[in-house]
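Right, one structure below, let's go through it.
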Amino acid sequence: MNKPSPQKLLVRSARSHKFLKATGRWTKSAEQACNFPNLLNAIHTCMAKGMKDVELVFRYDGAIEQCFPLSGW
């Protein structure tokens with residue numbers, strides 16, 4: 001059985017639970033958040049901006065999501 005591909009790849013603050021927008025600002029709305037094209041792009045953006053305590057959020061159809069914390073670099 002094939003695993004479904006994520007519909008969205010988002011960056012979320014672990015503290016405020018807000019999502020990163022393309023403008024670099026934060027939003028409560030996942031729909032307004034920047035949908036990163038791939039994992040490397042999302043991680044590079046977090047590192048370049050010196051972001052701490054963020055998590056990568058993979059969203060799938062049906063409101064299912066997986067979260068992976070990025071911290072400690």
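Here's how to read the names in the structure tokens: chain A, B, ... by the order shown, residue numbers from 1 in each chain, ligand numbers from 1 in the order shown.
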Please identify the strand (DSSP E) residues within chain A (assignment by DSSP from backbone atoms) and present them as a ChimeraX atom specification. /A:8-13,19-20,26-27,54-59,65-70
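Using only C-alpha atoms, the shortest contact distance between Ala30 in chain A and any of A:Lys8, A:Arg15, A:His44, A:Lys52 is found at A:Lys8.
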Counting only C-alpha atoms, what is within 9 Å of Ser71 in chain A, bar same-chain residues fewer than 3 positions away, as a PyMOL selection string? chain A and resi 51-55
What would the file look like if the residues just selected were written as an mmCIF file, in the first residue's frame with N, CA, C and O atoms?
```cif
data_model
loop_
_atom_site.group_PDB
_atom_site.id
_atom_site.type_symbol
_atom_site.label_atom_id
_atom_site.label_comp_id
_atom_site.auth_asym_id
_atom_site.auth_seq_id
_atom_site.Cartn_x
_atom_site.Cartn_y
_atom_site.Cartn_z
ATOM 1 N N MET A 51 15.021 30.523 13.208
ATOM 2 C CA MET A 51 13.812 30.163 13.951
ATOM 3 C C MET A 51 14.093 29.052 14.944
ATOM 4 O O MET A 51 14.757 28.080 14.628
ATOM 5 N N LYS A 52 13.584 29.200 16.126
ATOM 6 C CA LYS A 52 13.703 28.203 17.184
ATOM 7 C C LYS A 52 12.300 27.729 17.552
ATOM 8 O O LYS A 52 11.325 28.459 17.403
ATOM 9 N N ASP A 53 12.210 26.535 18.064
ATOM 10 C CA ASP A 53 10.935 25.984 18.531
ATOM 11 C C ASP A 53 9.836 26.054 17.475
ATOM 12 O O ASP A 53 8.745 26.574 17.716
ATOM 13 N N VAL A 54 10.161 25.552 16.308
ATOM 14 C CA VAL A 54 9.151 25.439 15.258
ATOM 15 C C VAL A 54 8.969 23.963 14.925
ATOM 16 O O VAL A 54 9.782 23.116 15.305
ATOM 17 N N GLU A 55 7.900 23.672 14.237
ATOM 18 C CA GLU A 55 7.655 22.306 13.809
ATOM 19 C C GLU A 55 7.207 22.291 12.361
ATOM 20 O O GLU A 55 6.581 23.244 11.891
#
```
Give me, as a PDB file with C-alpha atoms, in the first residue's frame, all polymer residues having an atom no more than 7 Å from range 32-35 of chain A, counting only C-alpha atoms and skipping those fewer than 6 positions away in the same chain.
```
ATOM      1  CA  LYS A   8       0.672  20.829   2.389  1.00  0.00           C
ATOM      2  CA  LEU A   9       4.009  21.286   4.125  1.00  0.00           C
ATOM      3  CA  LEU A  10       3.823  24.105   6.658  1.00  0.00           C
ATOM      4  CA  PHE A  19       1.827  29.243  10.846  1.00  0.00           C
ATOM      5  CA  LEU A  20       4.533  30.986   8.826  1.00  0.00           C
ATOM      6  CA  LYS A  21       3.298  33.055   5.876  1.00  0.00           C
ATOM      7  CA  ALA A  22       5.304  33.708   2.699  1.00  0.00           C
TER       8      ALA A  22
END
```
